[in-house]
2 protein chains.
Amino acid sequence: MRLTLLGTGDAGGMPLFGCHCPRCATARTDPALRRRSASALLSVADRHYLIDAGLTDIEERFGDSDLHAILLTHFHVDHVQGLFHIRWGRGDGIPVYCPNDTNGCADLFKHPGVLQFNRLHKYESFYLDDLKITPLPLIHSRPTLGYVFEHERQRIAYLVDTRGLPPKVEDFLASEPLDLLVIDTSFPPGVDNTNHNNLDDTLALQQRIGASRTVMTHIGHDLDTWLSDDNNHLPDTLLAGHDGGIVFP
Amino acid sequence: MRLTLLGTGDAGGMPLFGCHCPRCATARTDPALRRRSASALLSVADRHYLIDAGLTDIEERFGDSDLHAILLTHFHVDHVQGLFHIRWGRGDGIPVYCPNDTNGCADLFKHPGVLQFNRLHKYESFYLDDLKITPLPLIHSRPTLGYVFEHERQRIAYLVDTRGLPPKVEDFLASEPLDLLVIDTSFPPGVDNTNHNNLDDTLALQQRIGASRTVMTHIGHDLDTWLSDDNNHLPDTLLAGHDGGIVFP
C-alpha cells in the first residue's frame, strides 16, 4: 500500500482568494506551499484508488486508464467537484463508493454519466481487489465516512471531514495496531468548530488511538499560518501533510 | 474592450476522461488542444470582468486584486464551479451578476462567502464602470442570460448556453452593427439537441444576425473532432475559439 496526499487544503485552499497575508503571498509564487482540496491516492501494486474527488484535474492526472475506483468521504462540493467533468467521459464507467446520502451534490445523481455510484454502510467491510476497506462513521454536517485500509498486515486510516470521532470508531481504530492515521485538522489550537478538528482535538485523538504516525490534512489557512511559525512545534509522531506528499509507507 | 476566451469546452472538456480517440490522445500531450469549461475575460483598460466561472483556478489566475466582477450566464455546474473555492476568500467581496434562478447551484446561495450575488433581468441594461451590459434571455434548460457589451462604439455579444435564440433577441442583436458574436456551438452539423447549437444552427444564426465575425465556443468533443478533419471547412467569418485566444479586438 502506498498513500499519496494529492491535496491537503480545506474548501478555501491555500493561498486564499483575495488574501494579502505574507503566507498567501509566498504560496502564490511557490507551488510547494499550495494546498488544494483534501484528497489522496491509495495504490496497491498497479491499482489506483482515489479518495475524494475535489481536485478538478482528474482527467489530466488519470486520463486514460490509471484510475480504478473512487471513494468519497461525503458530498460537500470540495470533496466531489472533480466528478462534474469526468462524468461526461467515455468508457466502461468508473465505480464510485460513497456514503448513503440521498442528496448527493447538485445534479450528480441525476446525471451520473460514467460514474457508477455504490452506497456504503458503516462498518460493512468490502474488498477492492485484495485491499480490505472498512467505512467508519464520522462526525460532520453531512453523512460522512472515514476509511480503514488493510493490506498485507498493514493498516491505515483516512478520516476526513470530522470533529472528533464516535467512541465506537475510536475503539475500532485502537483495537489493532494502526500504522498511519490521516485526519482532518482544519484549525489551529483553541478554535472551536462543530465540523472539523483543531490541533488540540487531533493531539488528543492521536493519543487515545495510538497510531504509529499521524498526518494532518484538510489544513485551513489559519492552521497553515500557525504551522509556518517557527515558534510552534509538533510532536515527532505528528506531521502536517503537504500536497503530493507520500505518507505511506 | 478586449475579450479573451479562457475556456472553450463543454462540460466534459477536451480531452474527454477515458476517451482513447486520436484527438484526445493528442490533446493529452498538447495543452494547446485542451478545452476547459467555456468562460471568458472581458477587459476594459485595467478593469477585468470574468464571464462564467467554470474554471477552477480563478485564485491562481486572479489571486490578488485583478478581478473586478463576475458575470454568470447560468447556474449549471460547468459555469459556476470555480466559485466554490473563492467564496471562502478574504477581502471586501466580489460582485457576481447572474440570472434570476432561485436554485443557484449546490449550496452557493446558502454559503455565498465573499460572493455578492446581484440578480439581473432580461433587457435591463446596466453599467460596470463605463462598460454597458445588456442581459438577453437564451434558450436553455435553466434560466440563462447572454450578454451584449458596448463600449466606445464597439458592440460584442457573448451567448452561452443556448439552442437558437428568441426572435426578439435576434432582432435586438441585428438592430445595430455587431462587431463580434461569440456563441455556443457544441455539436457538429446535424446533431439535434434541445440545449445547445450545432454548427448548422450557428451558421444560420450568423447569417440572420449579420455579425462581422462569429466565434464558436462551448465546443464539444465531437465538434472538436469534426473541426480537426482537414476535409471540413468553415466560412471566413466563422472561427472556432480556442482556450486563451484573444478574439476581440
# chains A, B, ... in the order shown; residues from 1 in each chain; ligands from 1
$ residues_around --residues "stretch 89-102 of chain A" --least-positions-apart "2" --cutoff "7 Å" --atoms "only C-alpha atoms" --output "list in words"
His68, Ala69, Ile70, Leu71, Leu72, Thr73, His74, Ile86, Arg87, Gly104, Val114, Leu115, Gln116, Phe117, Asn118, Arg119, Leu120, His121, Pro143, Thr144 and Leu145 of chain A; Gly12, Leu16, Phe17, Gly18 and Cys19 of chain B
$ write_last_selection --atoms "N, CA, C and O atoms" --output "mmCIF file, in the first residue's frame"
data_model
loop_
_atom_site.group_PDB
_atom_site.id
_atom_site.type_symbol
_atom_site.label_atom_id
_atom_site.label_comp_id
_atom_site.auth_asym_id
_atom_site.auth_seq_id
_atom_site.Cartn_x
_atom_site.Cartn_y
_atom_site.Cartn_z
ATOM 1 N N HIS A 68 -8.884 3.236 -10.908
ATOM 2 C CA HIS A 68 -9.716 2.032 -10.890
ATOM 3 C C HIS A 68 -10.954 2.163 -10.037
ATOM 4 O O HIS A 68 -11.896 1.381 -10.187
ATOM 5 N N ALA A 69 -10.970 3.116 -9.133
ATOM 6 C CA ALA A 69 -12.176 3.370 -8.337
ATOM 7 C C ALA A 69 -11.998 4.696 -7.614
ATOM 8 O O ALA A 69 -10.871 5.196 -7.466
ATOM 9 N N ILE A 70 -13.124 5.257 -7.196
ATOM 10 C CA ILE A 70 -13.106 6.480 -6.398
ATOM 11 C C ILE A 70 -13.885 6.208 -5.115
ATOM 12 O O ILE A 70 -14.965 5.598 -5.157
ATOM 13 N N LEU A 71 -13.322 6.628 -3.987
ATOM 14 C CA LEU A 71 -14.005 6.530 -2.696
ATOM 15 C C LEU A 71 -14.310 7.944 -2.225
ATOM 16 O O LEU A 71 -13.406 8.775 -2.149
ATOM 17 N N LEU A 72 -15.567 8.220 -1.930
ATOM 18 C CA LEU A 72 -15.923 9.542 -1.426
ATOM 19 C C LEU A 72 -16.160 9.485 0.078
ATOM 20 O O LEU A 72 -16.791 8.547 0.574
ATOM 21 N N THR A 73 -15.670 10.506 0.778
ATOM 22 C CA THR A 73 -15.973 10.591 2.205
ATOM 23 C C THR A 73 -17.357 11.204 2.428
ATOM 24 O O THR A 73 -18.078 10.810 3.322
ATOM 25 N N HIS A 74 -17.703 12.209 1.602
ATOM 26 C CA HIS A 74 -19.019 12.846 1.702
ATOM 27 C C HIS A 74 -19.226 13.752 0.499
ATOM 28 O O HIS A 74 -18.323 13.898 -0.334
ATOM 29 N N ILE A 86 -15.603 14.663 -15.186
ATOM 30 C CA ILE A 86 -15.288 13.324 -15.700
ATOM 31 C C ILE A 86 -16.531 12.477 -15.924
ATOM 32 O O ILE A 86 -16.499 11.516 -16.677
ATOM 33 N N ARG A 87 -17.646 12.856 -15.306
ATOM 34 C CA ARG A 87 -18.857 12.041 -15.529
ATOM 35 C C ARG A 87 -19.237 11.975 -16.998
ATOM 36 O O ARG A 87 -19.879 11.032 -17.436
ATOM 37 N N GLY A 104 -26.713 13.712 -2.562
ATOM 38 C CA GLY A 104 -25.539 13.865 -3.410
ATOM 39 C C GLY A 104 -25.099 15.314 -3.443
ATOM 40 O O GLY A 104 -25.145 16.028 -2.438
ATOM 41 N N VAL A 114 -20.646 8.416 -16.571
ATOM 42 C CA VAL A 114 -19.868 7.178 -16.422
ATOM 43 C C VAL A 114 -19.618 6.810 -14.964
ATOM 44 O O VAL A 114 -18.944 5.811 -14.677
ATOM 45 N N LEU A 115 -20.145 7.611 -14.037
ATOM 46 C CA LEU A 115 -19.915 7.321 -12.612
ATOM 47 C C LEU A 115 -20.899 6.256 -12.135
ATOM 48 O O LEU A 115 -22.112 6.408 -12.302
ATOM 49 N N GLN A 116 -20.381 5.207 -11.550
ATOM 50 C CA GLN A 116 -21.232 4.123 -11.040
ATOM 51 C C GLN A 116 -21.227 4.195 -9.518
ATOM 52 O O GLN A 116 -20.320 3.682 -8.864
ATOM 53 N N PHE A 117 -22.251 4.864 -8.975
ATOM 54 C CA PHE A 117 -22.297 5.075 -7.532
ATOM 55 C C PHE A 117 -22.682 3.799 -6.788
ATOM 56 O O PHE A 117 -23.608 3.102 -7.182
ATOM 57 N N ASN A 118 -21.947 3.531 -5.727
ATOM 58 C CA ASN A 118 -22.216 2.379 -4.855
ATOM 59 C C ASN A 118 -22.291 2.893 -3.426
ATOM 60 O O ASN A 118 -21.288 3.399 -2.905
ATOM 61 N N ARG A 119 -23.453 2.791 -2.815
ATOM 62 C CA ARG A 119 -23.593 3.327 -1.456
ATOM 63 C C ARG A 119 -23.066 2.335 -0.425
ATOM 64 O O ARG A 119 -23.375 1.150 -0.481
ATOM 65 N N LEU A 120 -22.316 2.866 0.505
ATOM 66 C CA LEU A 120 -21.685 2.031 1.529
ATOM 67 C C LEU A 120 -22.424 2.162 2.850
ATOM 68 O O LEU A 120 -23.147 3.129 3.090
ATOM 69 N N HIS A 121 -22.208 1.184 3.709
ATOM 70 C CA HIS A 121 -22.799 1.225 5.047
ATOM 71 C C HIS A 121 -21.689 1.075 6.083
ATOM 72 O O HIS A 121 -20.763 0.282 5.908
ATOM 73 N N PRO A 143 -23.791 13.161 6.071
ATOM 74 C CA PRO A 143 -23.326 11.771 6.249
ATOM 75 C C PRO A 143 -21.913 11.638 5.685
ATOM 76 O O PRO A 143 -21.682 11.943 4.515
ATOM 77 N N THR A 144 -21.001 11.196 6.525
ATOM 78 C CA THR A 144 -19.578 11.195 6.151
ATOM 79 C C THR A 144 -18.930 9.903 6.614
ATOM 80 O O THR A 144 -19.164 9.442 7.737
ATOM 81 N N LEU A 145 -18.099 9.335 5.750
ATOM 82 C CA LEU A 145 -17.396 8.096 6.063
ATOM 83 C C LEU A 145 -15.885 8.295 6.033
ATOM 84 O O LEU A 145 -15.348 8.871 5.080
ATOM 85 N N GLY B 12 -17.801 18.324 -20.516
ATOM 86 C CA GLY B 12 -16.833 17.220 -20.500
ATOM 87 C C GLY B 12 -15.417 17.679 -20.795
ATOM 88 O O GLY B 12 -14.458 17.071 -20.352
ATOM 89 N N LEU B 16 -11.436 14.149 -23.299
ATOM 90 C CA LEU B 16 -12.536 13.599 -22.532
ATOM 91 C C LEU B 16 -12.005 12.447 -21.678
ATOM 92 O O LEU B 16 -11.268 11.592 -22.163
ATOM 93 N N PHE B 17 -12.404 12.447 -20.411
ATOM 94 C CA PHE B 17 -11.983 11.390 -19.492
ATOM 95 C C PHE B 17 -12.289 10.010 -20.086
ATOM 96 O O PHE B 17 -13.405 9.749 -20.530
ATOM 97 N N GLY B 18 -11.291 9.162 -20.114
ATOM 98 C CA GLY B 18 -11.493 7.783 -20.557
ATOM 99 C C GLY B 18 -11.589 7.588 -22.055
ATOM 100 O O GLY B 18 -11.764 6.466 -22.517
ATOM 101 N N CYS B 19 -11.458 8.675 -22.836
ATOM 102 C CA CYS B 19 -11.600 8.544 -24.289
ATOM 103 C C CYS B 19 -10.250 8.227 -24.928
ATOM 104 O O CYS B 19 -9.239 8.872 -24.628
#
$ calpha_fit_and_write --fixed "chain B" --moving "chain A" --output "mmCIF file with C-alpha atoms, in the first residue's frame"
data_model
loop_
_atom_site.group_PDB
_atom_site.id
_atom_site.type_symbol
_atom_site.label_atom_id
_atom_site.label_comp_id
_atom_site.auth_asym_id
_atom_site.auth_seq_id
_atom_site.Cartn_x
_atom_site.Cartn_y
_atom_site.Cartn_z
ATOM 1 C CA MET A 1 -12.651 46.296 -24.941
ATOM 2 C CA ARG A 2 -10.592 43.157 -25.115
ATOM 3 C CA LEU A 3 -12.228 39.718 -24.990
ATOM 4 C CA THR A 4 -10.158 36.633 -24.200
ATOM 5 C CA LEU A 5 -11.676 33.163 -24.283
ATOM 6 C CA LEU A 6 -10.294 31.429 -21.198
ATOM 7 C CA GLY A 7 -12.134 28.181 -21.846
ATOM 8 C CA THR A 8 -13.948 26.949 -24.953
ATOM 9 C CA GLY A 9 -15.119 23.458 -23.961
ATOM 10 C CA ASP A 10 -18.387 21.896 -22.913
ATOM 11 C CA ALA A 11 -18.948 20.223 -19.557
ATOM 12 C CA GLY A 12 -16.830 17.225 -20.493
ATOM 13 C CA GLY A 13 -13.961 19.255 -21.937
ATOM 14 C CA MET A 14 -11.166 18.085 -24.185
ATOM 15 C CA PRO A 15 -9.619 15.601 -23.813
ATOM 16 C CA LEU A 16 -12.536 13.591 -22.528
ATOM 17 C CA PHE A 17 -11.986 11.382 -19.476
ATOM 18 C CA GLY A 18 -11.493 7.776 -20.549
ATOM 19 C CA CYS A 19 -11.594 8.536 -24.277
ATOM 20 C CA HIS A 20 -9.000 6.772 -26.415
ATOM 21 C CA CYS A 21 -9.624 8.540 -29.739
ATOM 22 C CA PRO A 22 -6.609 10.018 -31.587
ATOM 23 C CA ARG A 23 -7.777 13.595 -30.962
ATOM 24 C CA CYS A 24 -7.991 13.069 -27.191
ATOM 25 C CA ALA A 25 -4.621 11.296 -27.187
ATOM 26 C CA THR A 26 -3.066 14.318 -28.913
ATOM 27 C CA ALA A 27 -4.822 16.751 -26.597
ATOM 28 C CA ARG A 28 -3.331 14.941 -23.586
ATOM 29 C CA THR A 29 0.176 15.813 -24.726
ATOM 30 C CA ASP A 30 -0.522 19.185 -26.374
ATOM 31 C CA PRO A 31 -2.019 21.731 -23.957
ATOM 32 C CA ALA A 32 -2.968 23.942 -26.932
ATOM 33 C CA LEU A 33 -5.675 21.416 -27.810
ATOM 34 C CA ARG A 34 -7.243 21.326 -24.354
ATOM 35 C CA ARG A 35 -10.680 22.803 -23.944
ATOM 36 C CA ARG A 36 -11.734 23.759 -20.435
ATOM 37 C CA SER A 37 -15.161 24.983 -19.337
ATOM 38 C CA ALA A 38 -16.422 27.816 -21.520
ATOM 39 C CA SER A 39 -15.570 31.163 -19.951
ATOM 40 C CA ALA A 40 -14.080 34.476 -20.982
ATOM 41 C CA LEU A 41 -12.415 37.576 -19.665
ATOM 42 C CA LEU A 42 -13.629 40.980 -20.763
ATOM 43 C CA SER A 43 -11.143 43.760 -20.054
ATOM 44 C CA VAL A 44 -11.658 47.497 -20.393
ATOM 45 C CA ALA A 45 -8.399 49.301 -19.603
ATOM 46 C CA ASP A 46 -7.354 47.876 -16.221
ATOM 47 C CA ARG A 47 -10.790 46.574 -15.245
ATOM 48 C CA HIS A 48 -11.357 42.837 -15.633
ATOM 49 C CA TYR A 49 -14.691 41.051 -15.737
ATOM 50 C CA LEU A 50 -14.937 37.276 -15.766
ATOM 51 C CA ILE A 51 -17.770 35.761 -17.818
ATOM 52 C CA ASP A 52 -18.733 32.452 -16.213
ATOM 53 C CA ALA A 53 -16.749 30.743 -13.505
ATOM 54 C CA GLY A 54 -16.323 27.152 -14.613
ATOM 55 C CA LEU A 55 -12.540 27.318 -14.429
ATOM 56 C CA THR A 56 -11.390 26.098 -11.052
ATOM 57 C CA ASP A 57 -8.131 28.026 -10.878
ATOM 58 C CA ILE A 58 -9.622 31.499 -10.514
ATOM 59 C CA GLU A 59 -7.495 32.221 -7.461
ATOM 60 C CA GLU A 60 -4.365 31.315 -9.392
ATOM 61 C CA ARG A 61 -5.314 33.471 -12.357
ATOM 62 C CA PHE A 62 -6.646 36.476 -10.453
ATOM 63 C CA GLY A 63 -5.377 35.868 -6.917
ATOM 64 C CA ASP A 64 -4.837 39.273 -5.567
ATOM 65 C CA SER A 65 -6.918 42.085 -6.927
ATOM 66 C CA ASP A 66 -7.202 41.643 -10.671
ATOM 67 C CA LEU A 67 -10.821 40.630 -10.880
ATOM 68 C CA HIS A 68 -13.492 43.283 -10.542
ATOM 69 C CA ALA A 69 -16.717 41.408 -11.204
ATOM 70 C CA ILE A 70 -18.075 38.080 -12.380
ATOM 71 C CA LEU A 71 -20.971 37.669 -14.822
ATOM 72 C CA LEU A 72 -22.726 34.311 -14.868
ATOM 73 C CA THR A 73 -24.744 33.063 -17.811
ATOM 74 C CA HIS A 74 -26.461 30.360 -15.723
ATOM 75 C CA PHE A 75 -26.028 27.999 -12.785
ATOM 76 C CA HIS A 76 -25.054 24.714 -14.434
ATOM 77 C CA VAL A 77 -22.018 23.341 -12.631
ATOM 78 C CA ASP A 78 -19.582 23.760 -15.527
ATOM 79 C CA HIS A 79 -20.308 27.503 -15.478
ATOM 80 C CA VAL A 80 -20.010 28.128 -11.732
ATOM 81 C CA GLN A 81 -17.768 25.492 -10.167
ATOM 82 C CA GLY A 82 -14.826 27.849 -9.755
ATOM 83 C CA LEU A 83 -16.906 29.855 -7.283
ATOM 84 C CA PHE A 84 -16.928 27.080 -4.698
ATOM 85 C CA HIS A 85 -13.312 27.769 -3.792
ATOM 86 C CA ILE A 86 -13.118 31.508 -3.993
ATOM 87 C CA ARG A 87 -16.244 32.161 -1.941
ATOM 88 C CA TRP A 88 -14.188 31.347 1.180
ATOM 89 C CA GLY A 89 -11.709 34.094 0.343
ATOM 90 C CA ARG A 90 -10.912 37.326 2.169
ATOM 91 C CA GLY A 91 -11.488 40.957 1.347
ATOM 92 C CA ASP A 92 -14.328 43.265 0.492
ATOM 93 C CA GLY A 93 -16.171 40.758 -1.626
ATOM 94 C CA ILE A 94 -16.674 40.420 -5.333
ATOM 95 C CA PRO A 95 -19.868 41.268 -7.238
ATOM 96 C CA VAL A 96 -21.392 38.344 -9.143
ATOM 97 C CA TYR A 97 -24.106 39.220 -11.692
ATOM 98 C CA CYS A 98 -26.402 36.344 -12.528
ATOM 99 C CA PRO A 99 -29.799 35.327 -13.879
ATOM 100 C CA ASN A 100 -32.744 35.234 -11.515
ATOM 101 C CA ASP A 101 -32.516 31.489 -10.789
ATOM 102 C CA THR A 102 -33.561 30.860 -7.189
ATOM 103 C CA ASN A 103 -31.919 27.428 -7.038
ATOM 104 C CA GLY A 104 -28.387 28.553 -7.805
ATOM 105 C CA CYS A 105 -26.047 25.557 -7.654
ATOM 106 C CA ALA A 106 -25.485 23.243 -4.671
ATOM 107 C CA ASP A 107 -25.040 25.446 -1.559
ATOM 108 C CA LEU A 108 -23.771 28.602 -3.307
ATOM 109 C CA PHE A 109 -26.650 30.803 -2.158
ATOM 110 C CA LYS A 110 -26.648 29.273 1.333
ATOM 111 C CA HIS A 111 -22.941 29.979 1.809
ATOM 112 C CA PRO A 112 -22.036 32.855 -0.538
ATOM 113 C CA GLY A 113 -18.929 33.878 1.449
ATOM 114 C CA VAL A 114 -17.330 36.827 -0.356
ATOM 115 C CA LEU A 115 -19.604 36.462 -3.395
ATOM 116 C CA GLN A 116 -22.113 39.298 -3.700
ATOM 117 C CA PHE A 117 -24.872 37.983 -5.936
ATOM 118 C CA ASN A 118 -26.852 40.497 -7.985
ATOM 119 C CA ARG A 119 -29.793 39.139 -9.949
ATOM 120 C CA LEU A 120 -30.282 40.566 -13.407
ATOM 121 C CA HIS A 121 -33.382 40.971 -15.526
ATOM 122 C CA LYS A 122 -33.519 40.475 -19.268
ATOM 123 C CA TYR A 123 -33.090 43.576 -21.432
ATOM 124 C CA GLU A 124 -32.363 45.740 -18.373
ATOM 125 C CA SER A 125 -29.008 47.273 -19.244
ATOM 126 C CA PHE A 126 -26.553 48.283 -16.550
ATOM 127 C CA TYR A 127 -23.042 49.664 -16.352
ATOM 128 C CA LEU A 128 -19.818 48.375 -14.869
ATOM 129 C CA ASP A 129 -17.633 51.475 -14.870
ATOM 130 C CA ASP A 130 -18.214 52.798 -18.432
ATOM 131 C CA LEU A 131 -19.000 49.399 -19.953
ATOM 132 C CA LYS A 132 -22.661 48.984 -20.909
ATOM 133 C CA ILE A 133 -24.032 45.482 -20.438
ATOM 134 C CA THR A 134 -27.397 44.193 -21.651
ATOM 135 C CA PRO A 135 -28.548 40.745 -20.470
ATOM 136 C CA LEU A 136 -30.517 38.762 -23.066
ATOM 137 C CA PRO A 137 -32.655 35.656 -22.486
ATOM 138 C CA LEU A 138 -31.316 32.496 -24.107
ATOM 139 C CA ILE A 139 -32.927 29.099 -24.784
ATOM 140 C CA HIS A 140 -31.558 26.525 -22.362
ATOM 141 C CA SER A 141 -32.742 24.091 -19.678
ATOM 142 C CA ARG A 142 -32.240 26.659 -16.907
ATOM 143 C CA PRO A 143 -32.731 30.435 -16.758
ATOM 144 C CA THR A 144 -29.820 31.638 -18.872
ATOM 145 C CA LEU A 145 -28.574 35.060 -19.927
ATOM 146 C CA GLY A 146 -26.373 36.064 -22.813
ATOM 147 C CA TYR A 147 -24.672 39.448 -22.702
ATOM 148 C CA VAL A 148 -24.144 42.336 -25.107
ATOM 149 C CA PHE A 149 -21.215 44.567 -24.217
ATOM 150 C CA GLU A 150 -20.934 48.105 -25.564
ATOM 151 C CA HIS A 151 -17.998 50.446 -25.158
ATOM 152 C CA GLU A 152 -16.730 53.316 -27.321
ATOM 153 C CA ARG A 153 -18.974 52.418 -30.268
ATOM 154 C CA GLN A 154 -17.916 48.788 -30.237
ATOM 155 C CA ARG A 155 -20.559 46.139 -29.637
ATOM 156 C CA ILE A 156 -19.981 42.465 -28.975
ATOM 157 C CA ALA A 157 -22.204 39.608 -27.820
ATOM 158 C CA TYR A 158 -21.456 36.511 -25.726
ATOM 159 C CA LEU A 159 -24.291 33.957 -25.965
ATOM 160 C CA VAL A 160 -23.743 30.749 -23.960
ATOM 161 C CA ASP A 161 -25.502 28.238 -23.427
ATOM 162 C CA THR A 162 -28.320 28.243 -25.946
ATOM 163 C CA ARG A 163 -30.108 26.398 -28.721
ATOM 164 C CA GLY A 164 -31.223 29.044 -31.158
ATOM 165 C CA LEU A 165 -32.329 32.464 -29.944
ATOM 166 C CA PRO A 166 -35.700 34.055 -29.164
ATOM 167 C CA PRO A 167 -36.797 36.174 -32.193
ATOM 168 C CA LYS A 168 -36.728 39.320 -30.053
ATOM 169 C CA VAL A 169 -33.089 38.636 -29.152
ATOM 170 C CA GLU A 170 -32.190 38.155 -32.818
ATOM 171 C CA ASP A 171 -33.869 41.472 -33.600
ATOM 172 C CA PHE A 172 -32.020 43.205 -30.767
ATOM 173 C CA LEU A 173 -28.676 41.848 -31.954
ATOM 174 C CA ALA A 174 -29.358 42.765 -35.596
ATOM 175 C CA SER A 175 -30.661 46.255 -34.760
ATOM 176 C CA GLU A 176 -27.167 47.770 -34.653
ATOM 177 C CA PRO A 177 -23.806 46.659 -36.069
ATOM 178 C CA LEU A 178 -22.330 43.791 -34.094
ATOM 179 C CA ASP A 179 -18.538 43.589 -34.197
ATOM 180 C CA LEU A 180 -18.304 40.121 -32.698
ATOM 181 C CA LEU A 181 -20.671 37.276 -31.878
ATOM 182 C CA VAL A 182 -19.386 34.569 -29.529
ATOM 183 C CA ILE A 183 -21.873 31.729 -29.474
ATOM 184 C CA ASP A 184 -22.470 28.262 -28.022
ATOM 185 C CA THR A 185 -21.728 25.744 -30.762
ATOM 186 C CA SER A 186 -21.467 22.407 -29.017
ATOM 187 C CA PHE A 187 -22.216 19.895 -31.734
ATOM 188 C CA PRO A 188 -21.218 19.077 -35.317
ATOM 189 C CA PRO A 189 -23.673 19.598 -38.182
ATOM 190 C CA GLY A 190 -26.866 17.570 -37.998
ATOM 191 C CA VAL A 191 -26.757 16.711 -34.286
ATOM 192 C CA ASP A 192 -30.053 17.669 -32.699
ATOM 193 C CA ASN A 193 -30.022 18.846 -29.080
ATOM 194 C CA THR A 194 -32.554 20.966 -27.196
ATOM 195 C CA ASN A 195 -29.943 22.855 -25.146
ATOM 196 C CA HIS A 196 -27.069 23.661 -27.469
ATOM 197 C CA ASN A 197 -26.473 24.790 -31.039
ATOM 198 C CA ASN A 198 -24.901 22.570 -33.635
ATOM 199 C CA LEU A 199 -22.803 24.051 -36.430
ATOM 200 C CA ASP A 200 -25.821 24.379 -38.766
ATOM 201 C CA ASP A 201 -27.669 26.400 -36.129
ATOM 202 C CA THR A 202 -24.710 28.734 -35.715
ATOM 203 C CA LEU A 203 -24.287 29.266 -39.450
ATOM 204 C CA ALA A 204 -27.968 30.166 -39.754
ATOM 205 C CA LEU A 205 -27.851 32.512 -36.747
ATOM 206 C CA GLN A 206 -24.728 34.199 -38.036
ATOM 207 C CA GLN A 207 -26.446 34.921 -41.323
ATOM 208 C CA ARG A 208 -29.606 36.297 -39.724
ATOM 209 C CA ILE A 209 -27.783 38.477 -37.187
ATOM 210 C CA GLY A 210 -25.097 39.689 -39.558
ATOM 211 C CA ALA A 211 -22.171 39.933 -37.173
ATOM 212 C CA SER A 212 -18.832 41.001 -38.671
ATOM 213 C CA ARG A 213 -17.228 37.951 -37.116
ATOM 214 C CA THR A 214 -18.519 34.907 -35.247
ATOM 215 C CA VAL A 215 -16.508 32.765 -32.843
ATOM 216 C CA MET A 216 -17.753 29.401 -31.625
ATOM 217 C CA THR A 217 -17.291 28.316 -28.024
ATOM 218 C CA HIS A 218 -18.597 25.573 -25.686
ATOM 219 C CA ILE A 219 -17.224 23.193 -28.306
ATOM 220 C CA GLY A 220 -17.894 19.540 -27.497
ATOM 221 C CA HIS A 221 -15.721 16.520 -28.216
ATOM 222 C CA ASP A 222 -17.473 15.545 -31.451
ATOM 223 C CA LEU A 223 -17.436 19.046 -32.931
ATOM 224 C CA ASP A 224 -13.787 19.393 -31.937
ATOM 225 C CA THR A 225 -13.042 16.184 -33.814
ATOM 226 C CA TRP A 226 -15.106 17.349 -36.796
ATOM 227 C CA LEU A 227 -13.163 20.641 -36.891
ATOM 228 C CA SER A 228 -9.835 18.803 -36.829
ATOM 229 C CA ASP A 229 -10.708 16.994 -40.068
ATOM 230 C CA ASP A 230 -8.986 18.735 -42.977
ATOM 231 C CA ASN A 231 -11.939 17.916 -45.222
ATOM 232 C CA ASN A 232 -14.267 20.132 -43.204
ATOM 233 C CA HIS A 233 -14.255 23.858 -43.810
ATOM 234 C CA LEU A 234 -15.779 26.953 -42.203
ATOM 235 C CA PRO A 235 -16.647 30.263 -43.880
ATOM 236 C CA ASP A 236 -14.062 33.029 -43.414
ATOM 237 C CA THR A 237 -16.253 34.920 -40.958
ATOM 238 C CA LEU A 238 -16.688 31.926 -38.635
ATOM 239 C CA LEU A 239 -13.899 30.842 -36.302
ATOM 240 C CA ALA A 240 -13.528 28.096 -33.730
ATOM 241 C CA GLY A 241 -12.408 29.577 -30.424
ATOM 242 C CA HIS A 242 -9.511 28.086 -28.506
ATOM 243 C CA ASP A 243 -8.535 28.400 -24.868
ATOM 244 C CA GLY A 244 -6.552 31.564 -24.252
ATOM 245 C CA GLY A 245 -7.405 33.096 -27.616
ATOM 246 C CA ILE A 246 -7.948 36.860 -27.750
ATOM 247 C CA VAL A 247 -10.985 37.217 -30.026
ATOM 248 C CA PHE A 248 -11.519 40.970 -29.722
ATOM 249 C CA PRO A 249 -10.392 43.418 -30.948
#
$ select_by_dssp --residues "stretch 7-248 of chain B" --states "strand (DSSP E)" --output "MDAnalysis selection string"
chainID B and resid 7 39:44 47:51 69:71 94:98 115:119 126:128 131:137 145:151 154:159 180:184 214:217 238:240 246:248
$ select_by_dssp --residues "stretch 128-185 of chain A" --states "helix (DSSP H, G or I)" --output "ChimeraX atom specification"
/A:167-174
